[in-house]
file structure_15.txt (compact mmCIF, C-alpha atoms and all ligand atoms)
# COMPACT_ATOMS: atom_id res chain seq x y z
CA MET A 1 119.81 -28.93 86.88
CA ALA A 2 121.20 -30.84 89.81
CA LYS A 3 123.21 -33.95 89.42
CA ALA A 4 122.08 -35.66 92.60
CA ALA A 5 122.87 -39.23 93.41
CA THR A 6 121.26 -40.81 96.46
CA LYS A 7 122.53 -43.46 98.84
CA SER A 8 119.97 -44.85 101.29
CA ALA A 9 120.53 -45.78 104.92
CA LYS A 10 118.92 -49.02 106.02
CA LYS A 11 118.75 -48.82 109.83
CA PRO A 12 115.72 -47.10 111.38
CA ALA A 13 116.27 -44.44 114.07
CA ALA A 14 116.02 -45.40 117.71
CA LYS A 15 113.97 -42.39 118.72
CA ALA A 16 110.32 -41.52 119.16
CA ALA A 17 109.80 -41.31 115.43
CA ALA A 18 111.53 -44.59 114.78
CA LYS A 19 108.47 -46.63 113.92
CA THR A 20 106.88 -44.17 111.53
CA ALA A 21 110.23 -43.29 110.05
CA ALA A 22 111.13 -46.87 109.41
CA LYS A 23 107.88 -47.28 107.55
CA VAL A 24 108.53 -44.19 105.51
CA ASN A 25 112.01 -45.45 104.74
CA THR A 26 110.62 -48.65 103.38
CA LYS A 27 107.40 -47.37 101.85
CA ALA A 28 107.18 -43.68 101.12
CA ALA A 29 110.82 -42.78 100.65
CA PRO A 30 111.74 -45.37 98.04
CA LYS A 31 108.81 -44.13 95.94
CA ALA A 32 110.13 -40.60 96.07
CA THR A 33 113.66 -41.84 95.46
CA ALA A 34 112.53 -43.89 92.55
CA LYS A 35 110.88 -40.83 91.08
CA ALA A 36 113.75 -38.49 91.81
CA ALA A 37 116.66 -40.65 90.75
CA PRO A 38 115.79 -41.28 87.11
CA LYS A 39 115.01 -37.61 86.55
CA ALA A 40 118.30 -36.45 87.99
CA THR A 41 120.16 -39.16 86.10
CA ALA A 42 118.24 -38.55 82.91
CA LYS A 43 119.32 -34.93 82.81
CA ALA A 44 122.90 -35.54 83.80
CA ALA A 45 123.41 -38.60 81.64
CA PRO A 46 123.00 -37.40 78.04
CA LYS A 47 125.83 -34.86 78.31
CA ALA A 48 128.15 -37.34 79.89
CA THR A 49 127.15 -40.06 77.45
CA ALA A 50 127.75 -37.86 74.41
CA LYS A 51 131.18 -36.82 75.60
CA VAL A 52 132.54 -40.09 76.82
CA ALA A 53 130.57 -42.62 74.80
CA SER A 54 133.58 -44.52 73.52
CA LYS A 55 135.71 -44.18 76.66
CA ALA A 56 132.90 -44.76 79.15
CA LYS A 57 134.39 -47.91 80.58
CA ALA A 58 137.86 -46.49 81.00
CA LYS A 59 136.74 -43.39 82.92
CA PRO A 60 136.80 -43.57 86.72
CA ALA A 61 133.52 -42.81 88.52
CA ARG A 62 132.86 -39.07 88.86
CA LYS A 63 133.31 -37.73 92.38
CA PRO A 64 130.44 -35.50 93.49
CA GLY A 65 131.36 -31.91 94.28
CA VAL A 66 129.48 -31.88 97.58
CA LYS A 67 128.32 -34.72 99.81
CA LEU A 68 125.02 -34.03 101.53
CA SER A 69 123.83 -36.10 104.49
CA MET A 70 120.09 -35.65 104.82
CA LEU A 71 116.83 -36.92 106.29
CA ARG A 72 113.99 -37.16 103.78
CA PRO A 73 111.01 -36.17 105.98
CA SER A 74 112.71 -33.00 107.27
CA VAL A 75 112.04 -29.49 105.97
CA ASN A 76 115.42 -28.30 107.28
CA ASN A 77 116.87 -30.87 104.91
CA MET A 78 114.39 -30.13 102.17
CA THR A 79 115.72 -26.56 102.16
CA VAL A 80 119.24 -27.58 101.15
CA ARG A 81 118.03 -30.33 98.84
CA VAL A 82 115.87 -27.82 96.92
CA PHE A 83 118.68 -25.27 96.82
CA ALA A 84 121.29 -27.73 95.54
CA ARG A 85 118.96 -28.81 92.73
CA ALA A 86 117.76 -25.30 91.85
CA ALA A 87 121.36 -24.02 91.72
CA GLY A 88 122.44 -27.00 89.61
CA LEU A 89 125.14 -27.98 92.09
CA ASP A 90 126.91 -31.26 91.61
CA HIS A 91 126.11 -33.14 94.81
CA ALA A 92 125.43 -36.59 96.19
CA GLU A 93 122.84 -37.26 98.87
CA THR A 94 123.21 -39.84 101.61
CA ASP A 95 120.16 -40.73 103.69
CA ALA A 96 121.37 -40.38 107.28
CA TRP A 97 118.25 -41.79 108.96
CA GLY A 98 119.31 -43.80 112.00
CA HIS A 99 122.95 -42.75 111.66
CA THR A 100 123.10 -39.23 113.07
CA ARG A 101 124.13 -40.44 116.52
CA SER A 102 126.49 -43.15 115.38
CA PRO A 103 130.10 -42.76 116.58
CA GLU A 104 131.24 -42.15 112.97
CA PHE A 105 128.72 -39.36 112.41
CA LEU A 106 129.33 -37.79 115.84
CA ALA A 107 133.07 -37.78 115.25
CA ARG A 108 132.49 -35.55 112.23
CA ASN A 109 129.48 -33.63 113.52
CA PRO A 110 129.08 -33.52 117.33
CA ALA A 111 125.77 -31.66 116.91
CA HIS A 112 124.36 -34.76 115.13
CA LEU A 113 122.36 -32.50 112.85
CA THR A 114 121.38 -32.74 109.23
CA PRO A 115 121.50 -31.30 106.66
CA MET A 116 125.27 -31.64 106.74
CA ILE A 117 127.63 -31.16 103.85
CA GLU A 118 131.17 -32.35 103.40
CA ASP A 119 133.20 -30.15 101.11
CA LYS A 120 136.88 -29.67 100.43
CA GLY A 121 138.24 -26.52 102.01
CA LEU A 122 135.90 -26.40 104.99
CA PRO A 123 138.16 -25.97 108.05
CA ARG A 124 136.53 -28.91 109.87
CA GLY A 125 135.54 -30.76 106.71
CA VAL A 126 131.80 -30.49 107.41
CA LEU A 127 129.13 -27.83 107.74
CA TRP A 128 125.64 -28.03 109.21
CA GLU A 129 122.74 -25.53 109.59
CA SER A 130 120.63 -25.24 106.45
CA CYS A 131 121.00 -21.47 106.06
CA ALA A 132 124.77 -21.52 106.63
CA ILE A 133 125.09 -24.28 104.03
CA MET A 134 123.15 -22.28 101.43
CA GLN A 135 125.12 -19.12 102.22
CA TYR A 136 128.42 -20.98 101.92
CA LEU A 137 127.55 -22.71 98.65
CA ALA A 138 126.11 -19.52 97.17
CA ASN A 139 129.28 -17.62 98.14
CA LYS A 140 131.57 -20.33 96.89
CA HIS A 141 129.87 -20.67 93.51
CA GLY A 142 128.94 -17.03 93.00
CA LEU A 143 125.21 -17.72 93.02
CA ASP A 144 124.17 -14.09 93.38
CA LYS A 145 120.76 -14.87 91.91
CA PHE A 146 119.89 -16.73 95.11
CA TYR A 147 121.99 -14.66 97.52
CA PRO A 148 122.68 -11.12 96.28
CA LYS A 149 126.12 -9.65 96.93
CA ALA A 150 124.96 -6.06 97.54
CA PRO A 151 125.21 -5.62 101.33
CA ALA A 152 121.77 -4.08 101.84
CA LYS A 153 119.96 -6.71 99.73
CA ARG A 154 121.95 -9.49 101.32
CA ALA A 155 121.13 -8.16 104.80
CA MET A 156 117.41 -8.52 104.08
CA ILE A 157 117.87 -12.15 103.03
CA ASP A 158 119.92 -12.82 106.17
CA SER A 159 117.35 -11.07 108.36
CA ALA A 160 114.52 -13.14 106.88
CA MET A 161 116.44 -16.38 107.44
CA PHE A 162 117.50 -15.57 111.01
CA TYR A 163 113.96 -14.46 111.81
CA LEU A 164 112.69 -17.74 110.43
CA VAL A 165 115.12 -19.95 112.33
CA GLY A 166 114.90 -17.94 115.55
CA THR A 167 111.20 -17.05 115.67
CA LEU A 168 108.94 -18.81 113.17
CA TYR A 169 110.53 -22.24 113.17
CA PRO A 170 110.27 -22.83 116.96
CA TYR A 171 106.50 -22.21 116.71
CA VAL A 172 106.24 -24.50 113.69
CA ALA A 173 108.20 -27.20 115.51
CA ARG A 174 106.06 -26.98 118.67
CA ALA A 175 102.89 -27.05 116.60
CA THR A 176 103.83 -29.85 114.21
CA TYR A 177 106.41 -32.15 115.82
CA PRO A 178 103.84 -33.90 118.05
CA ALA A 179 101.82 -34.76 114.94
CA LEU A 180 104.92 -35.66 112.94
CA GLY A 181 106.12 -38.01 115.68
CA PHE A 182 109.41 -36.10 115.95
CA PRO A 183 111.16 -35.78 119.34
CA GLN A 184 110.35 -32.57 121.23
CA TYR A 185 113.04 -30.22 122.44
CA ALA A 186 114.19 -30.53 126.05
CA GLY A 187 112.42 -28.05 128.32
CA GLU A 188 109.29 -27.92 126.15
CA VAL A 189 105.96 -29.01 127.61
CA GLY A 190 105.82 -31.54 124.81
CA HIS A 191 109.03 -33.11 126.11
CA SER A 192 107.83 -33.31 129.73
CA ASP A 193 105.60 -35.68 131.68
CA ALA A 194 102.83 -33.06 131.71
CA HIS A 195 99.23 -34.19 131.23
CA PRO A 196 98.29 -34.63 127.55
CA ASP A 197 95.82 -31.72 127.94
CA LYS A 198 98.69 -29.40 128.85
CA LYS A 199 100.70 -30.63 125.88
CA SER A 200 97.77 -30.09 123.58
CA GLU A 201 97.27 -26.59 125.02
CA ALA A 202 100.92 -25.75 124.34
CA GLN A 203 100.66 -27.11 120.82
CA LYS A 204 97.57 -24.98 120.17
CA ALA A 205 99.28 -21.88 121.57
CA ALA A 206 102.21 -22.43 119.21
CA MET A 207 99.81 -22.93 116.33
CA ALA A 208 98.11 -19.62 117.14
CA ALA A 209 101.47 -17.85 117.38
CA ILE A 210 102.47 -18.76 113.81
CA ALA A 211 100.18 -16.16 112.20
CA GLU A 212 102.15 -13.11 113.33
CA PRO A 213 105.64 -13.98 112.02
CA LEU A 214 104.05 -15.46 108.92
CA GLU A 215 102.40 -12.14 108.15
CA VAL A 216 105.76 -10.39 108.69
CA PHE A 217 107.25 -12.43 105.84
CA HIS A 218 104.40 -11.30 103.63
CA SER A 219 104.05 -7.64 104.51
CA PHE A 220 107.62 -6.76 105.41
CA PHE A 221 110.00 -9.11 103.62
CA ARG A 222 108.03 -9.63 100.40
CA ASN A 223 106.62 -6.13 100.47
CA GLY A 224 104.47 -6.55 97.36
CA LYS A 225 107.06 -8.56 95.43
CA PRO A 226 106.51 -12.17 94.38
CA PHE A 227 109.41 -13.38 96.54
CA ILE A 228 111.60 -12.16 99.38
CA GLY A 229 114.33 -12.11 96.73
CA GLY A 230 112.23 -9.93 94.42
CA ASN A 231 111.18 -11.51 91.13
CA ASN A 232 113.23 -14.63 91.77
CA PRO A 233 113.35 -16.91 94.80
CA SER A 234 116.28 -16.32 97.13
CA ILE A 235 117.70 -18.73 99.68
CA ALA A 236 115.36 -17.11 102.24
CA ASP A 237 112.40 -18.03 100.04
CA ILE A 238 113.55 -21.64 99.80
CA ARG A 239 113.88 -21.72 103.59
CA LEU A 240 110.40 -20.22 104.08
CA ALA A 241 108.52 -22.34 101.54
CA ALA A 242 110.09 -25.56 102.85
CA THR A 243 109.17 -24.64 106.43
CA LEU A 244 105.55 -24.04 105.50
CA GLU A 245 105.32 -27.56 104.04
CA PHE A 246 105.20 -28.99 107.58
CA LEU A 247 102.00 -27.11 108.39
CA ALA A 248 99.99 -29.53 106.25
CA VAL A 249 100.37 -32.15 108.98
CA ILE A 250 98.15 -30.09 111.31
CA ASP A 251 95.87 -28.85 108.50
CA TYR A 252 96.96 -25.32 109.32
CA ALA A 253 94.79 -22.84 107.44
CA LEU A 254 97.41 -20.93 105.49
CA PRO A 255 96.37 -17.45 104.34
CA ASN A 256 95.74 -17.21 100.61
CA TRP A 257 98.93 -15.27 99.97
CA ALA A 258 100.96 -18.11 101.49
CA LYS A 259 99.22 -20.73 99.36
CA GLU A 260 99.86 -18.66 96.24
CA TYR A 261 103.44 -18.03 97.32
CA MET A 262 104.16 -21.74 97.79
CA ALA A 263 102.59 -22.54 94.42
CA ALA A 264 104.69 -19.78 92.80
CA MET A 265 107.84 -21.22 94.40
CA GLU A 266 107.07 -24.67 93.07
CA LYS A 267 106.22 -23.34 89.62
CA LYS A 268 109.40 -21.27 89.43
CA LEU A 269 111.73 -24.02 90.72
CA GLY A 270 109.96 -26.99 89.13
CA ASN A 271 111.35 -30.43 89.94
CA ALA A 272 114.11 -28.88 92.01
CA TYR A 273 111.34 -28.07 94.47
CA SER A 274 108.85 -30.85 93.81
CA GLU A 275 111.22 -33.78 94.28
CA PRO A 276 112.45 -32.98 97.82
CA ALA A 277 108.97 -31.66 98.71
CA GLY A 278 107.61 -35.02 97.57
CA ASP A 279 109.57 -36.76 100.33
CA VAL A 280 108.20 -34.41 103.00
CA ARG A 281 104.67 -34.71 101.64
CA ALA A 282 104.91 -38.50 101.46
CA TYR A 283 105.94 -38.57 105.12
CA ILE A 284 103.08 -36.27 106.12
CA ALA A 285 100.60 -38.37 104.14
CA HIS A 286 101.93 -41.47 105.88
CA VAL A 287 101.66 -39.92 109.35
CA LYS A 288 98.14 -38.70 108.65
CA SER A 289 97.04 -42.09 107.34
CA GLN A 290 98.41 -43.71 110.51
CA ALA A 291 96.55 -41.18 112.69
CA SER A 292 93.23 -41.79 110.99
CA ALA A 293 93.60 -45.59 110.90
N1 LIG B 301 118.53 -25.27 112.47
C1 LIG B 301 118.95 -26.50 111.86
C2 LIG B 301 118.05 -27.63 112.34
C3 LIG B 301 118.61 -28.97 111.94
C4 LIG B 301 117.81 -30.12 112.55
O1 LIG B 301 117.03 -29.94 113.50
N2 LIG B 301 118.02 -31.31 112.01
C5 LIG B 301 117.31 -32.51 112.48
C6 LIG B 301 116.33 -32.99 111.44
S1 LIG B 301 115.04 -31.82 111.19
C7 LIG B 301 118.31 -33.65 112.66
O2 LIG B 301 119.18 -33.85 111.84
N3 LIG B 301 118.15 -34.44 113.73
C8 LIG B 301 118.93 -35.62 113.92
C9 LIG B 301 119.44 -35.75 115.33
O3 LIG B 301 119.32 -34.80 116.13
O4 LIG B 301 120.01 -36.80 115.62
C10 LIG B 301 118.94 -26.34 110.33
O5 LIG B 301 118.21 -25.47 109.83
O6 LIG B 301 119.66 -27.07 109.64
call {"tool": "encode", "arguments": {"input": "structure_15.txt", "output": "structure tokens"}}
result
Amino acid sequence: MAKAATKSAKKPAAKAAAKTAAKVNTKAAPKATAKAAPKATAKAAPKATAKVASKAKAKPARKPGVKLSMLRPSVNNMTVRVFARAAGLDHAETDAWGHTRSPEFLARNPAHLTPMIEDKGLPRGVLWESCAIMQYLANKHGLDKFYPKAPAKRAMIDSAMFYLVGTLYPYVARATYPALGFPQYAGEVGHSDAHPDKKSEAQKAAMAAIAEPLEVFHSFFRNGKPFIGGNNPSIADIRLAATLEFLAVIDYALPNWAKEYMAAMEKKLGNAYSEPAGDVRAYIAHVKSQASA
């Protein structure tokens, strides 16, 4: 299982979500961190302890294989966090909340986006875009179980992920970001000075549009199999299940197959799924409690 270490950022973001995020950073996130950290350490530690018991003090600190900058409430980030754990990759997480637009971060990543990994051998030292990160790490470590090598099978995984990022996710973002307190994309009604009724109309339209691509994942990509990847979750499944987590913030009525699918993903991946999902769920619970207060 994953050997994840987590560093936390302290400064809250200076955007629309700053207030809620800051609260999550101080309330919800530490809870999840507290839960996640001992588990990750507990699994990694015994091996290390057995091997180096007598020389423990002399050994220099282990360098993580991959550094992952992430934001806890984000499902884009949850995707890579789940994958890294499920694949048992040696990685260290840094909470980038409030830092993505700092000069240091922008110098490395002008797109200011997380998840972002730093890994030796990358031409520019860093890589962002959740699907590209999973593809790269799966290629690098030969993780065919998550990302099959056979061109035709791989093409289906790629198609599902591109369809998600290009079609489903924009609807999910328009439907959920207003409730999540996340900034809207430029050019969207939600980003404009339009009357709140217009914004609410646009949000509802996006919500209604989710059903069609969602059904495509079920009928076309899963095609009667438990997962898009067949009997085991692929990187496209991790991307899809994480995305659907956000829909809880608007109490979206998921079809039964989707509920069963998400439960099957969590059962199959265990803590690798539950820990990062816990951060997203804690944020959603926080946002909902604020809305009803
Ligand atoms: N398509 C990208 C989306 C990444 C993205 O939107 N990241 C957001 C968090 S959900 C972010 O890091 N925003 C920080 C910022 O723009 O400063 C992916 O799948 O990784």
call {"tool": "residues_around", "arguments": {"input": "structure_15.txt", "residues": "Ser200 (chain A)", "least_positions_apart": "4", "cutoff": "10 Å", "atoms": "all atoms listed in the file", "output": "ChimeraX atom specification"}}
result
/A:175,178,189-190,195-196,204-206
call {"tool": "residues_near_ligand", "arguments": {"input": "structure_15.txt", "ligand": "ligand LIG 301 (chain B)", "cutoff": "7 Å", "atoms": "all atoms listed in the file", "output": "PyMOL selection string"}}
result
chain A and resi 71+74-77+100-101+112-115+128-131+165
call {"tool": "residues_around", "arguments": {"input": "structure_15.txt", "residues": "Ala248 (chain A)", "least_positions_apart": "6", "cutoff": "12 Å", "atoms": "all atoms listed in the file", "output": "PyMOL selection string"}}
result
chain A and resi 172+175-177+179-180+242+254+259+277+280-285+287-288
call {"tool": "atom_distance", "arguments": {"input": "structure_15.txt", "atom1": "CA of Met207 (chain A)", "atom2": "CA of Tyr169 (chain A)"}}
result
11.2 Å
call {"tool": "atom_distance", "arguments": {"input": "structure_15.txt", "atom1": "CA of His141 (chain A)", "atom2": "CA of Leu68 (chain A)"}}
result
16.3 Å
call {"tool": "closest_residue", "arguments": {"input": "structure_15.txt", "among": "A:Glu188, A:Asp237, A:Asp144, A:Asp95", "to": "Arg72 (chain A)", "atoms": "all atoms listed in the file"}}
result
A:Asp95
call {"tool": "atom_distance", "arguments": {"input": "structure_15.txt", "atom1": "CA of Ala272 (chain A)", "atom2": "CA of Ala132 (chain A)"}}
result
19.5 Å
call {"tool": "residues_around", "arguments": {"input": "structure_15.txt", "residues": "His218 (chain A)", "least_positions_apart": "4", "cutoff": "8 Å", "atoms": "only C-alpha atoms", "output": "list in words"}}
result
Leu214, Arg222, Asn223, Gly224, Trp257 and Ala258 of chain A
call {"tool": "closest_residue", "arguments": {"input": "structure_15.txt", "among": "A:Leu269, A:Val126, A:Leu89, A:Ala138", "to": "Ala107 (chain A)", "atoms": "all atoms listed in the file"}}
result
A:Val126
call {"tool": "closest_residue", "arguments": {"input": "structure_15.txt", "among": "A:Ala202, A:Met265, A:Ala209, A:Ala236", "to": "Phe162 (chain A)", "atoms": "only C-alpha atoms"}}
result
A:Ala236
call {"tool": "closest_residue", "arguments": {"input": "structure_15.txt", "among": "A:Pro151, A:Gly187, A:Gly65, A:Pro276", "to": "Ala241 (chain A)", "atoms": "only C-alpha atoms"}}
result
A:Pro276
